[in-house]
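Visitor: Following this line is run.cif, made up of mmCIF, C-alpha atoms:
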```cif
data_model
loop_
_atom_site.label_atom_id
_atom_site.label_comp_id
_atom_site.auth_asym_id
_atom_site.auth_seq_id
_atom_site.Cartn_x
_atom_site.Cartn_y
_atom_site.Cartn_z
CA ASP A 347 -26.08 -29.41 -11.59
CA LEU A 348 -22.85 -31.00 -12.80
CA GLN A 349 -23.19 -29.82 -16.40
CA ARG A 350 -23.68 -26.19 -15.37
CA SER A 351 -20.78 -26.31 -12.89
CA THR A 352 -18.49 -27.87 -15.51
CA ALA A 353 -19.44 -25.18 -18.03
CA GLN A 354 -18.69 -22.43 -15.51
CA TYR A 355 -15.31 -23.98 -14.72
CA ILE A 356 -14.41 -24.24 -18.43
CA ALA A 357 -15.45 -20.62 -19.01
CA THR A 358 -13.44 -19.37 -16.04
CA PHE A 359 -10.33 -21.38 -16.96
CA SER A 360 -10.61 -20.28 -20.62
CA ASP A 361 -10.74 -16.68 -19.42
CA TYR A 362 -7.56 -17.25 -17.41
CA LEU A 363 -5.77 -18.79 -20.42
CA ALA A 364 -6.88 -15.93 -22.67
CA ARG A 365 -5.52 -13.33 -20.24
CA ARG A 366 -2.27 -15.21 -19.90
CA SER A 367 -1.72 -15.51 -23.67
CA ALA A 368 -2.60 -11.83 -24.16
CA LYS A 369 -0.16 -10.57 -21.54
CA PRO A 370 3.02 -10.38 -23.73
CA ASP A 371 1.07 -8.79 -26.60
CA LEU A 372 -0.35 -6.13 -24.31
CA ALA A 373 3.07 -5.42 -22.80
CA GLU A 374 4.58 -5.07 -26.29
CA ALA A 375 1.78 -2.78 -27.38
CA LEU A 376 2.30 -0.52 -24.37
CA ALA A 377 6.05 -0.33 -25.01
CA ASN A 378 5.39 1.02 -28.52
CA ILE A 379 3.15 3.91 -27.38
CA ASP A 380 4.46 7.38 -26.57
CA PRO A 381 4.09 7.83 -22.76
CA LYS A 382 3.11 11.49 -23.29
CA THR A 383 -0.06 10.67 -25.20
CA ASP A 384 -3.56 10.13 -23.85
CA ILE A 385 -3.72 6.72 -25.53
CA PHE A 386 -0.83 5.55 -23.34
CA SER A 387 -2.74 6.34 -20.12
CA TYR A 388 -5.86 4.69 -21.52
CA THR A 389 -3.98 1.57 -22.64
CA GLU A 390 -2.13 1.31 -19.32
CA ARG A 391 -5.39 1.42 -17.36
CA TYR A 392 -7.06 -0.98 -19.83
CA ILE A 393 -4.25 -3.52 -19.32
CA ARG A 394 -4.34 -3.11 -15.54
CA ASP A 395 -8.10 -3.63 -15.41
CA ASN A 396 -8.22 -6.55 -17.82
CA MET A 397 -5.24 -8.42 -16.39
CA SER A 398 -6.93 -8.64 -13.00
CA VAL A 399 -7.90 -11.98 -11.51
CA THR A 400 -11.01 -13.79 -12.64
CA GLU A 401 -14.31 -13.12 -10.92
CA ASP A 402 -14.07 -16.19 -8.66
CA TYR A 403 -10.98 -14.83 -6.96
CA ALA A 404 -12.23 -11.24 -7.17
CA VAL A 405 -15.20 -12.17 -4.99
CA ILE A 406 -12.86 -13.59 -2.34
CA ARG A 407 -10.73 -10.45 -2.36
CA ARG A 408 -13.83 -8.28 -2.11
CA ILE A 409 -14.88 -10.20 1.02
CA LEU A 410 -11.37 -9.82 2.46
CA TYR A 411 -11.36 -6.10 1.77
CA ASN A 412 -14.70 -5.52 3.48
CA TYR A 413 -13.72 -7.69 6.46
CA PHE A 414 -10.27 -6.27 7.15
CA ILE A 415 -10.09 -2.77 5.62
CA GLY A 416 -13.47 -1.31 4.74
CA GLY A 417 -14.96 0.85 7.47
CA VAL A 418 -11.91 0.55 9.73
CA THR A 419 -10.99 4.07 10.87
CA ARG A 420 -7.64 2.87 12.17
CA THR A 421 -6.63 1.62 8.72
CA GLY A 422 -7.27 5.01 7.13
CA LEU A 423 -5.38 6.86 9.87
CA VAL A 424 -2.38 4.52 9.64
CA ASN A 425 -2.44 4.91 5.86
CA LEU A 426 -1.90 8.65 6.34
CA THR A 427 1.63 7.89 7.61
CA GLN A 428 2.78 6.55 4.24
CA ASN A 429 4.22 9.82 2.96
CA TYR A 430 6.24 9.96 6.15
CA THR A 431 7.47 6.36 5.94
CA THR A 432 8.00 5.82 2.21
CA GLY A 433 7.05 9.05 0.41
CA GLN A 434 9.82 11.23 1.75
CA ALA A 435 12.39 8.46 1.19
CA VAL A 436 11.39 8.30 -2.48
CA LEU A 437 11.64 12.07 -2.98
CA ALA A 438 14.91 12.24 -1.00
CA GLN A 439 16.58 10.66 -4.03
CA TYR A 440 15.75 13.78 -6.07
CA ILE A 441 15.57 16.73 -3.66
CA ASP A 442 17.80 17.92 -0.82
CA LYS A 443 15.05 19.07 1.56
CA PRO A 444 12.72 16.91 3.66
CA MET A 445 9.51 16.19 1.76
CA ILE A 446 7.32 16.76 4.82
CA ARG A 447 8.64 20.32 5.23
CA LEU A 448 8.17 21.08 1.52
CA ALA A 449 4.70 19.53 1.50
CA LYS A 450 3.59 21.82 4.33
CA THR A 451 4.82 24.82 2.34
CA TYR A 452 3.09 23.79 -0.88
CA ILE A 453 -0.12 22.28 0.52
CA LYS A 454 -0.97 24.88 3.17
CA ASP A 455 -2.51 27.46 0.84
CA ILE A 456 -3.68 25.05 -1.87
CA ASN A 457 -6.05 23.14 0.40
CA ARG A 458 -7.86 26.38 1.21
CA MET A 459 -8.51 27.19 -2.44
CA THR A 460 -11.40 26.17 -4.64
CA PRO A 461 -10.40 24.61 -7.99
CA GLU A 462 -11.37 27.87 -9.68
CA LYS A 463 -9.18 29.94 -7.35
CA LEU A 464 -6.22 27.59 -7.86
CA ALA A 465 -6.65 27.76 -11.65
CA GLU A 466 -6.56 31.55 -11.39
CA LYS A 467 -3.54 31.77 -9.06
CA ASP A 468 -1.43 28.87 -10.40
CA PRO A 469 -2.83 27.66 -13.73
CA LEU A 470 0.07 25.26 -14.44
CA LEU A 471 -0.30 23.50 -11.08
CA SER A 472 -4.05 23.35 -11.66
CA GLN A 473 -3.45 21.69 -15.04
CA ALA A 474 -0.96 19.28 -13.47
CA LEU A 475 -3.43 18.24 -10.77
CA HIS A 476 -6.15 17.77 -13.37
CA GLU A 477 -3.85 15.46 -15.34
CA LEU A 478 -2.81 13.50 -12.24
CA TYR A 479 -6.47 12.88 -11.40
CA ARG A 480 -7.44 12.17 -15.02
CA SER A 481 -4.65 9.62 -15.54
CA GLY A 482 -5.42 7.81 -12.28
CA ALA A 483 -2.16 8.77 -10.55
CA ILE A 484 -4.23 10.38 -7.78
CA ASP A 485 -6.72 7.61 -7.16
CA ASP A 486 -7.49 4.73 -4.80
CA PRO A 487 -6.19 1.67 -6.69
CA LEU A 488 -6.14 -0.72 -3.72
CA ILE A 489 -9.83 -0.09 -3.02
CA LYS A 490 -10.74 -0.44 -6.69
CA GLU A 491 -8.66 -3.58 -7.12
CA MET A 492 -10.01 -5.39 -4.07
CA SER A 493 -13.60 -4.20 -4.08
CA GLY A 494 -14.01 -4.86 -7.79
CA ILE A 495 -14.75 -1.27 -8.85
CA GLY A 496 -11.63 -1.27 -11.04
CA ARG A 497 -12.94 -4.25 -13.02
CA GLY A 498 -16.33 -2.75 -13.73
CA ASN A 499 -18.18 -4.43 -10.87
CA LYS A 500 -21.68 -2.94 -10.88
CA ASN A 501 -22.73 -4.54 -7.61
CA ILE A 502 -20.94 -2.19 -5.18
CA THR A 503 -23.55 -1.32 -2.59
CA PRO A 504 -23.97 2.12 -0.96
CA PHE A 505 -22.89 0.46 2.28
CA GLU A 506 -19.59 -0.65 0.70
CA LEU A 507 -19.03 2.80 -0.76
CA ALA A 508 -19.52 4.30 2.70
CA MET A 509 -17.08 1.76 4.17
CA ASN A 510 -14.45 2.91 1.67
CA PHE A 511 -14.55 6.46 3.04
CA PHE A 512 -11.64 6.36 5.53
CA MET A 513 -9.21 4.48 3.32
CA LYS A 514 -10.15 6.37 0.16
CA THR A 515 -9.86 9.78 1.81
CA SER A 516 -6.42 9.06 3.25
CA GLU A 517 -5.16 7.54 -0.01
CA LEU A 518 -6.27 10.51 -2.10
CA LEU A 519 -4.70 12.94 0.39
CA ASN A 520 -1.42 10.99 0.32
CA ARG A 521 -1.21 10.91 -3.44
CA LYS A 522 -2.26 14.53 -3.87
CA GLU A 523 0.39 15.67 -1.39
CA MET A 524 3.07 13.62 -3.14
CA GLY A 525 1.97 14.80 -6.59
CA ILE A 526 1.98 18.49 -5.68
CA THR A 527 5.31 18.27 -3.85
CA ALA A 528 6.97 16.35 -6.68
CA TYR A 529 5.62 18.70 -9.37
CA LYS A 530 6.55 21.89 -7.54
CA SER A 531 10.00 20.56 -6.64
CA ALA A 532 10.63 19.72 -10.30
CA THR A 533 9.56 23.12 -11.62
CA GLU A 534 10.87 25.53 -8.96
CA GLY A 535 14.28 26.52 -7.61
CA LYS A 536 17.15 24.33 -8.75
CA GLY A 537 14.77 21.53 -9.66
CA VAL A 538 15.35 17.83 -9.01
CA LYS A 539 18.44 15.65 -9.20
CA ILE A 540 18.49 13.52 -12.35
CA ASP A 541 21.62 11.48 -13.12
CA GLY A 542 23.57 13.35 -10.48
CA LYS A 543 22.64 16.87 -11.68
CA TYR A 544 19.90 19.25 -10.56
CA ILE A 545 17.67 20.35 -13.42
CA THR A 546 14.38 22.22 -13.68
CA LEU A 547 11.83 20.21 -15.65
CA SER A 548 9.27 21.47 -18.13
CA HIS A 549 5.58 21.40 -17.26
CA GLU A 550 4.97 18.13 -19.14
CA LYS A 551 8.06 16.38 -17.79
CA ALA A 552 7.28 17.56 -14.26
CA ILE A 553 3.82 15.96 -14.50
CA GLN A 554 5.39 12.66 -15.59
CA PHE A 555 7.94 13.01 -12.77
CA ALA A 556 5.06 13.43 -10.29
CA LYS A 557 3.25 10.38 -11.71
CA ASP A 558 6.37 8.25 -11.37
CA ARG A 559 7.03 9.36 -7.79
CA ILE A 560 3.41 8.69 -6.77
CA ALA A 561 3.60 5.17 -8.19
CA GLU A 562 7.00 4.60 -6.57
CA ALA A 563 5.89 5.76 -3.11
CA HIS A 564 2.25 4.64 -3.03
CA TYR A 565 2.20 1.75 -5.50
CA ASN A 566 -0.41 0.86 -8.11
CA TYR A 567 -1.70 -2.47 -6.73
CA GLY A 568 -2.64 -3.66 -10.20
CA LYS A 569 -1.85 -7.15 -11.45
CA LEU A 570 1.24 -6.06 -13.35
CA ASP A 571 2.67 -4.62 -10.13
CA ARG A 572 2.48 -7.90 -8.24
CA PRO A 573 5.07 -10.66 -8.00
CA PRO A 574 4.17 -13.71 -10.15
CA ILE A 575 2.75 -15.72 -7.23
CA ALA A 576 0.27 -12.93 -6.48
CA ARG A 577 -1.01 -12.68 -10.05
CA LYS A 578 -2.79 -16.03 -10.28
CA PHE A 579 -4.20 -18.29 -7.59
CA GLY A 580 -2.27 -16.46 -4.87
CA ALA A 581 -3.92 -13.16 -5.75
CA ALA A 582 -6.72 -13.38 -3.21
CA ALA A 583 -4.49 -14.74 -0.45
CA LEU A 584 -1.73 -12.19 -0.92
CA SER A 585 -3.88 -9.12 -1.61
CA LEU A 586 -3.57 -7.94 1.98
CA ARG A 587 0.20 -8.46 1.84
CA MET A 588 0.80 -6.22 -1.18
CA TYR A 589 1.75 -3.18 0.93
CA ASP A 590 4.40 -5.27 2.67
CA ILE A 591 5.68 -6.72 -0.59
CA ASN A 592 5.84 -3.32 -2.28
CA THR A 593 7.53 -1.63 0.69
CA ILE A 594 10.18 -4.35 0.94
CA SER A 595 10.73 -4.05 -2.84
CA LEU A 596 11.16 -0.28 -2.50
CA MET A 597 13.73 -0.72 0.28
CA LYS A 598 15.56 -3.32 -1.79
CA GLU A 599 15.75 -0.95 -4.77
CA LEU A 600 16.99 1.93 -2.59
CA PHE A 601 19.75 -0.23 -1.14
CA LYS A 602 20.67 -1.79 -4.49
CA ASN A 603 20.96 1.68 -6.07
CA LYS A 604 23.19 2.83 -3.17
CA GLN A 605 20.57 5.31 -1.97
CA TYR A 606 21.68 4.75 1.60
CA ALA A 607 20.36 8.04 3.04
CA PRO A 608 16.77 7.46 1.75
CA PHE A 609 17.03 3.83 2.90
CA ALA A 610 18.00 5.01 6.38
CA ARG A 611 15.15 7.54 6.27
CA VAL A 612 12.66 4.69 5.81
CA LEU A 613 14.06 2.90 8.87
CA VAL A 614 14.01 6.08 10.97
CA SER A 615 10.41 6.79 9.94
CA PHE A 616 9.21 3.31 10.85
CA GLY A 617 11.19 3.45 14.09
CA THR A 618 9.76 6.84 15.07
CA LEU A 619 6.16 5.73 14.57
CA GLY A 620 6.47 2.11 15.68
CA GLY A 621 9.66 1.87 17.73
CA ILE A 622 11.79 -1.25 17.48
CA ARG A 623 8.72 -3.41 16.85
CA GLY A 624 7.72 -1.17 13.95
CA LEU A 625 10.98 -1.69 12.05
CA PRO A 626 10.80 -3.95 8.98
CA PHE A 627 11.08 -7.62 10.01
CA ALA A 628 11.58 -6.68 13.68
CA GLY A 629 8.08 -7.87 14.57
CA GLY A 630 8.87 -11.30 13.17
CA LEU A 631 12.20 -11.50 15.00
CA ILE A 632 10.58 -10.50 18.30
CA ALA A 633 7.85 -13.10 17.79
CA LEU A 634 10.48 -15.73 17.03
CA ALA A 635 12.33 -14.76 20.22
CA HIS A 636 9.09 -15.27 22.18
CA TYR A 637 8.70 -18.67 20.56
CA LEU A 638 12.21 -19.62 21.70
CA GLY A 639 11.52 -18.43 25.24
CA TYR A 640 13.20 -15.02 25.24
CA GLU A 641 11.57 -11.72 26.22
CA PRO A 642 13.52 -8.88 24.51
CA GLU A 643 10.96 -6.26 25.61
CA GLU A 644 11.48 -7.07 29.28
CA ARG A 645 15.25 -6.77 28.92
CA ILE A 646 14.89 -3.31 27.36
CA ARG A 647 12.51 -2.22 30.14
CA LYS A 648 15.05 -3.35 32.77
CA ILE A 649 17.73 -1.20 31.13
CA PHE A 650 15.61 1.95 31.52
CA GLY A 651 14.28 1.06 34.95
CA LYS A 652 11.67 3.57 36.09
CA ALA A 653 11.70 5.48 32.81
CA LYS A 654 8.80 3.36 31.51
CA PRO A 655 7.46 5.93 28.97
CA LEU A 656 10.92 6.16 27.38
CA ALA A 657 11.22 2.39 27.20
CA ASP A 658 7.72 2.14 25.69
CA ALA A 659 8.59 4.82 23.08
CA ILE A 660 11.73 2.91 22.10
CA LEU A 661 9.86 -0.38 21.89
CA TYR A 662 6.59 0.75 20.29
CA GLY A 663 7.14 4.27 18.94
CA ILE A 664 6.66 7.84 20.10
CA PRO A 665 2.82 7.66 19.96
CA TYR A 666 2.70 4.68 22.38
CA PRO A 667 3.11 6.60 25.70
CA PHE A 668 0.07 8.64 24.63
CA GLY A 669 -2.07 5.52 24.26
CA ILE A 670 -1.63 5.03 20.52
CA ASP A 671 0.00 1.80 19.32
CA ILE A 672 0.50 1.47 15.56
CA SER A 673 3.71 -0.55 15.75
CA LYS A 674 2.10 -3.73 14.41
CA SER A 675 0.00 -1.87 11.87
CA ILE A 676 2.92 -0.20 10.08
CA SER A 677 5.49 -2.98 10.45
CA VAL A 678 6.31 -5.17 7.46
CA GLY A 679 7.67 -8.71 7.52
CA GLN A 680 5.96 -9.76 10.73
CA MET A 681 5.79 -13.33 12.00
CA PRO A 682 3.08 -12.98 14.64
CA ILE A 683 3.43 -16.03 16.91
CA GLU A 684 0.93 -15.22 19.61
CA ASN A 685 1.86 -17.99 22.05
CA GLU A 686 3.97 -21.09 22.48
CA LYS A 687 1.17 -23.25 21.01
CA ASP A 688 1.74 -21.76 17.56
CA SER A 689 3.88 -24.01 15.36
CA LEU A 690 6.50 -22.60 13.01
CA VAL A 691 4.29 -23.66 10.09
CA GLU A 692 1.45 -21.54 11.49
CA ALA A 693 3.86 -18.67 12.05
CA PHE A 694 5.16 -18.71 8.48
CA THR A 695 1.59 -18.97 7.17
CA LYS A 696 0.76 -15.79 9.08
CA THR A 697 3.89 -14.16 7.69
CA ALA A 698 2.90 -14.96 4.10
CA PHE A 699 -0.80 -14.20 4.26
CA GLY A 700 -0.98 -11.66 7.09
CA VAL A 701 -4.34 -11.00 8.67
CA MET A 702 -6.08 -13.29 6.20
CA SER A 703 -4.73 -16.29 8.13
CA SER A 704 -6.92 -15.25 11.08
CA LEU A 705 -9.99 -16.27 9.03
CA VAL A 706 -8.97 -19.89 9.51
CA GLU A 707 -8.73 -19.40 13.30
CA VAL A 708 -12.08 -17.59 13.41
CA THR A 709 -13.72 -20.36 11.39
CA GLU A 710 -12.24 -23.05 13.66
CA ARG A 711 -13.54 -21.27 16.76
CA ALA A 712 -16.97 -20.84 15.20
CA ILE A 713 -17.17 -24.56 14.36
CA GLY A 714 -16.03 -25.45 17.89
CA LYS A 715 -18.71 -23.24 19.45
CA ALA A 716 -21.36 -24.72 17.18
CA GLU A 717 -20.34 -28.26 18.14
CA GLU A 718 -20.68 -27.26 21.80
CA GLY A 719 -24.20 -26.00 21.12
CA GLU A 720 -23.27 -22.33 21.65
CA TYR A 721 -24.81 -21.19 18.37
CA LYS A 722 -25.01 -17.53 19.34
CA GLU A 723 -21.27 -17.46 20.07
CA ALA A 724 -20.60 -19.30 16.81
#
```
Turn this file's structure into structure tokens for me.
Guide:
Amino acid sequence: DLQRSTAQYIATFSDYLARRSAKPDLAEALANIDPKTDIFSYTERYIRDNMSVTEDYAVIRRILYNYFIGGVTRTGLVNLTQNYTTGQAVLAQYIDKPMIRLAKTYIKDINRMTPEKLAEKDPLLSQALHELYRSGAIDDPLIKEMSGIGRGNKNITPFELAMNFFMKTSELLNRKEMGITAYKSATEGKGVKIDGKYITLSHEKAIQFAKDRIAEAHYNYGKLDRPPIARKFGAAALSLRMYDINTISLMKELFKNKQYAPFARVLVSFGTLGGIRGLPFAGGLIALAHYLGYEPEERIRKIFGKAKPLADAILYGIPYPFGIDISKSISVGQMPIENEKDSLVEAFTKTAFGVMSSLVEVTERAIGKAEEGEYKEA
């Protein structure tokens, strides 16, 4: 009834206003807490959880997560490439060896050990890992944020938990690999480069260094990590664009800080896995070229003639000749105009909201089928 609906609206809007007014106080409180203490980690997580969107928008994001990410094996497998695309670029600012090579050295034996064996052989690393898990640095924040687990949602079904398996497993592996590599790099050999000088960090500082590098390379996905438009009514719509937004922000920071080698490493990584189409913004430019009547892929194929596998690798990445195409999956800044019927408004909508925009198309097709009497198709 109208009275009940009005009351629910007032309650929801009041909740939004309360969160908004509390934001500066919470930020000030966090700034006055020693980052080394347990209360800092607790307060940080409390703020992240309580500054999330209201339940109305959380429900929408939960639906989006289950529709586009949950249970999709491909998503989890593509997520495993993140240390290669962004992780090693982040660590390249502090170490002089490729992260992937170091990670293989550090991870190889550790993954074969039980926690008890690791604690016996390398007690400091064992303590560091325990702290990274305890503080939430090694966690699955995107899943928790979108599915509602991070906001205390008690209605997560066993089916949804099972659907989280692929994404959660890959995310935990990514963050664990980054955490171990960052910690070991900071405590062994000549250490890490801070303010232009290589120094070996203490155990406590190395743990904080690992936390910072994990957040920098794999993002937190909490409300405080989003741009303003994605913190309020745009939260649900832009949830599936947060990887793109964070990756572009990372590249911007690398370039602004004159970290040109790590910046180039990001481009090379995307190009290796996704070819030209996998480069940031390249997908959008190619789509725009199609819209204007040009076919850049065909021109590249003509250059290489009969060497079709080489042309395919250049266009879509090294995996493509082997039947694996992840160029669209890893690319950021796409503008996926599928055919000449798409208007520029539709194209920019797809750019802003990503795969979520396809829900509109699916709904339109379902309505059309229903109007034609094809209810099963609808």
Visitor: Dig up all the protein and nucleic acid residues within 12 Å of (7.4, 2.2, 22.7) in the file frame, using only C-alpha atoms, and format them as a PyMOL selection string.
Guide: chain A and resi 617-625+643+646-647+653-674
Visitor: Give me the residues within 6 Å of range 521-528 of chain A as a VMD selection string, counting all atoms listed in the file and dropping any in the same chain fewer than 5 places off.
Guide: chain A and resid 449 484 556
Visitor: Could you work out how far CA of Asn425 in chain A lies from CA of Glu517 in chain A, giving the answer in Å with one decimal?
Guide: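 CA of Asn425 in chain A lies 7.0 Å from CA of Glu517 in chain A.
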Visitor: Go ahead and compute the interatomic distance for CA of His476 in chain A and CA of Pro444 in chain A, in Å to one decimal.
Guide: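 Taking CA of His476 in chain A and CA of Pro444 in chain A, their separation equals 25.4 Å.
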Visitor: Identify all residues satisfying the PyMOL selection byres ((chain A and resi 470) around 12) in the given file; provide them as a PyMOL selection string.
Guide: chain A and resi 464-469+471-477+526+529-530+533+548-550+552-553
Visitor: Could the residues in this selection be written to a file with C-alpha atoms, as a short mmCIF file (atom, residue, chain, number, x, y, z; two decimals), in the coordinates of the input?
Guide:
```
data_model
loop_
_atom_site.label_atom_id
_atom_site.label_comp_id
_atom_site.auth_asym_id
_atom_site.auth_seq_id
_atom_site.Cartn_x
_atom_site.Cartn_y
_atom_site.Cartn_z
CA LEU A 464 -6.22 27.59 -7.86
CA ALA A 465 -6.65 27.76 -11.65
CA GLU A 466 -6.56 31.55 -11.39
CA LYS A 467 -3.54 31.77 -9.06
CA ASP A 468 -1.43 28.87 -10.40
CA PRO A 469 -2.83 27.66 -13.73
CA LEU A 471 -0.30 23.50 -11.08
CA SER A 472 -4.05 23.35 -11.66
CA GLN A 473 -3.45 21.69 -15.04
CA ALA A 474 -0.96 19.28 -13.47
CA LEU A 475 -3.43 18.24 -10.77
CA HIS A 476 -6.15 17.77 -13.37
CA GLU A 477 -3.85 15.46 -15.34
CA ILE A 526 1.98 18.49 -5.68
CA TYR A 529 5.62 18.70 -9.37
CA LYS A 530 6.55 21.89 -7.54
CA THR A 533 9.56 23.12 -11.62
CA SER A 548 9.27 21.47 -18.13
CA HIS A 549 5.58 21.40 -17.26
CA GLU A 550 4.97 18.13 -19.14
CA ALA A 552 7.28 17.56 -14.26
CA ILE A 553 3.82 15.96 -14.50
#
```
Visitor: What does the structure give for the distance between CA of Ala373 in chain A and CA of Ser387 in chain A, in Å to one decimal?
Guide: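 Rounded to one decimal, the two atoms are 13.4 Å apart.
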Visitor: Apply the PyMOL selection byres ((chain A and resi 381) around 12) to the displayed file and report the matching residues as a list in words.
Guide: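 Answer for the PyMOL selection byres ((chain A and resi 381) around 12): Ala375, Leu376, Ala377, Asn378, Ile379, Asp380, Lys382, Thr383, Asp384, Ile385, Phe386, Ser387, Tyr388, Thr389, Glu390, Ser481, Glu550, Lys551, Ile553, Gln554, Phe555, Lys557 and Asp558 of chain A.
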Visitor: Step by step, work through what the PyMOL selection byres ((chain A and resi 595) around 12) selects in the shown file, and finish by giving those residues as a PyMOL selection string.
Guide: chain A and resi 432+562-563+565+571-573+588-594+596-602+609+626+678-679
